[in-house]
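Trainee: Submitted below is the structure of interest, expressed as structure tokens.
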Amino acid sequence: MNEKTSTIRSKAKALLSLHSWSGIVLGMLLYAVIFTGTVAVVADEIGEWSNSNYPQKLLIKTNVNETVNRLAENTPQEYLDEISVYENDRQQLVYFFHTHKQNPSGDMDEFGIQYKINANGETISQQEGFGSDLFEQEDTYALSRFLVSIHTELHIPSPWGLILTGILGLAMLIASVSGFMMHRHLFTDMFAIRKQRDGKSLKRDSHTVAGTWSIPFAILLAFTGSFFSFSASFGLPAMGIVAFGGDQEALMYTLVGEQQNKSEVPMDSSNVNLMLSDAVKRQSSIPSFVSISHFGTESASLLAFFMPNEGKVGFEQLVYNATNGDFIEHKPLVGTVPSAGSVILSLIYPIHFGTFAGLFSKIIWVALGIAACYVTITGLQLYAHRNEKANSSRWFSRMCVWGFWGLPLCSLSSAFGFFISGSLGLNQSFWTPLTFVIAAAIISILTLAIKNISLLKKVLLVGSGLFCLLLPILRFTSSGVSWLQALQHNMVAMMFIEFILLACSALCFYSLYRTLQVKNNADITESPSLSSQEVV
Amino acid sequence: MNHLIMTLPFILFSLIIILLLAYTDPRRRQIFNKADIKGNTKFTMRPFTRKILAWSLLLPIIPLIIMANYAGILMYSGALTVVGWFVSELPSSII
């Protein structure tokens, strides 16, 4: 019996070590990925908000057929290989006439001419280059793209950023599974949070309760996140080498499910507008983007891509024969015939980012992200709290404040940089990340300069609260779109982001008020203890 | 939009069940009693009843499957875990 008990204890100890070290070593980076992941869930809404835009449904409201034919006449023949069309966040349709070739980094990329057309059919701009470069220079998405990029790659050059986020996903998976296995009273303690003398929740209980409730989705999100990172950085290149002898083009053709030998015999294409109307009727929604292949040849086809709707979770792709306008098939995401692999792959992105049921599912996914952030924060605070007595400098507690309160403030600062640079006519794609870096440097200096950790936390709280309050005002002054206009035009995404910002501002100031209140009470009753006052 | 509206009642149902489970949770009550926090202790539930209530949280998945509302199943599962966490964090003066 004693032997059995000691075996169980040693196993529990090993699991605790695994859980602690996977969290402590990569905890701060994991928090960065989870926090920006929570923001990335509403990246589309942030894109619309930052441009004070709302979807105009230009794909069905404008004459796409006429524009495609007009632009095709003035575009080199080689770029008619593929034409992608989508609506951006500045009430324009982006037409990218392109072919595929290797970029200077050695990766297969799209290369061609990008036209931006407004609602009246006028050409606003025309640029030639690689698809990846054009997207990186696109100011419309400067803010949302920057925030998503922190989540996916931590702004570390490819493939190392992806590999690191993949490892962080695995660390989250290990922490979740080990946390689940080592907790002996998982279900009996689900609602039990003990309180400290000052009325605050006990950090250990807060960590375990939030962790217990979040376990299923922590595992799901960690797995899907790791899959994304490793498939892009390692899986696809490895598959290309093993199955296709390094031929990236052949790999892409197989994955996309397109025939390699296409007829280039000229033939008039069917009316694009009619195919789009049919696709909209079939799906009861507007496509996210349209891709026309081999335009003006007898191999011409049109693919309309739809986000999940009507209770489905995966993406939908409708393919048309663009020579006669006939509907061909609901195309699988991978390959030419339906398969389990394709179904699973089409589910992974919507499940990871919660984009399967519009704003409703995104709100739930944001809440799941907040829960995961809370688990990470309380876990690291727990470690800081336990070790601070042994460490006089309390550098770990200081680092926790720097990371937990600094990252949101830096992200808010990048939004400031986006609006101010936009108002001054500067390059928003350059200034948005730079403002983040400047804010990070200032916060780091403050962290080193302010000795009192509690004061540091208050300063960062005030900064975040003020920025959340000022951003809607800044957005209004830069675009001139008021809340009344937003309501008139049903700009749900913009109103949602402004509501979230104002709620966060209120929360920051309330938290500050509570901290000051607790301090005052502690001053009256007894001298403040280290645990209640100094630890975040 | 219909599939979203169809999911809301189930989320509200889960909220009520979780509130009941938290309110009658013996461990939670034991902690509050130890801390001399006064709450309503008259309403109790047998462990078997609590188990039935906990299992009933899975019931909404059946109609959602029948309606082929797979997005609803995911949303319900996500909301269930978030609601559970929020309810656990509520102070004893509320629940």
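Identifiers for the structure tokens are assigned positionally: chains receive A, B, ... in sequence, residues are indexed from 1 per chain, and ligands are indexed from 1 in the order shown.
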What's the 12 Å shell around region 67-78 of chain B, counting only C-alpha atoms, without same-chain residues fewer than 6 positions away, as a PyMOL selection string?

Mentor: (chain A and resi 213-218+220-221+308-315+347+350-352+354-369+371) or (chain B and resi 1-15+57-61+84-85)

Trainee: Could you pull out the alpha helix (DSSP H) residues of region 232-318 of chain A from DSSP and send them as a PyMOL selection string?

Mentor: chain A and resi 236-244+248-256+272-283
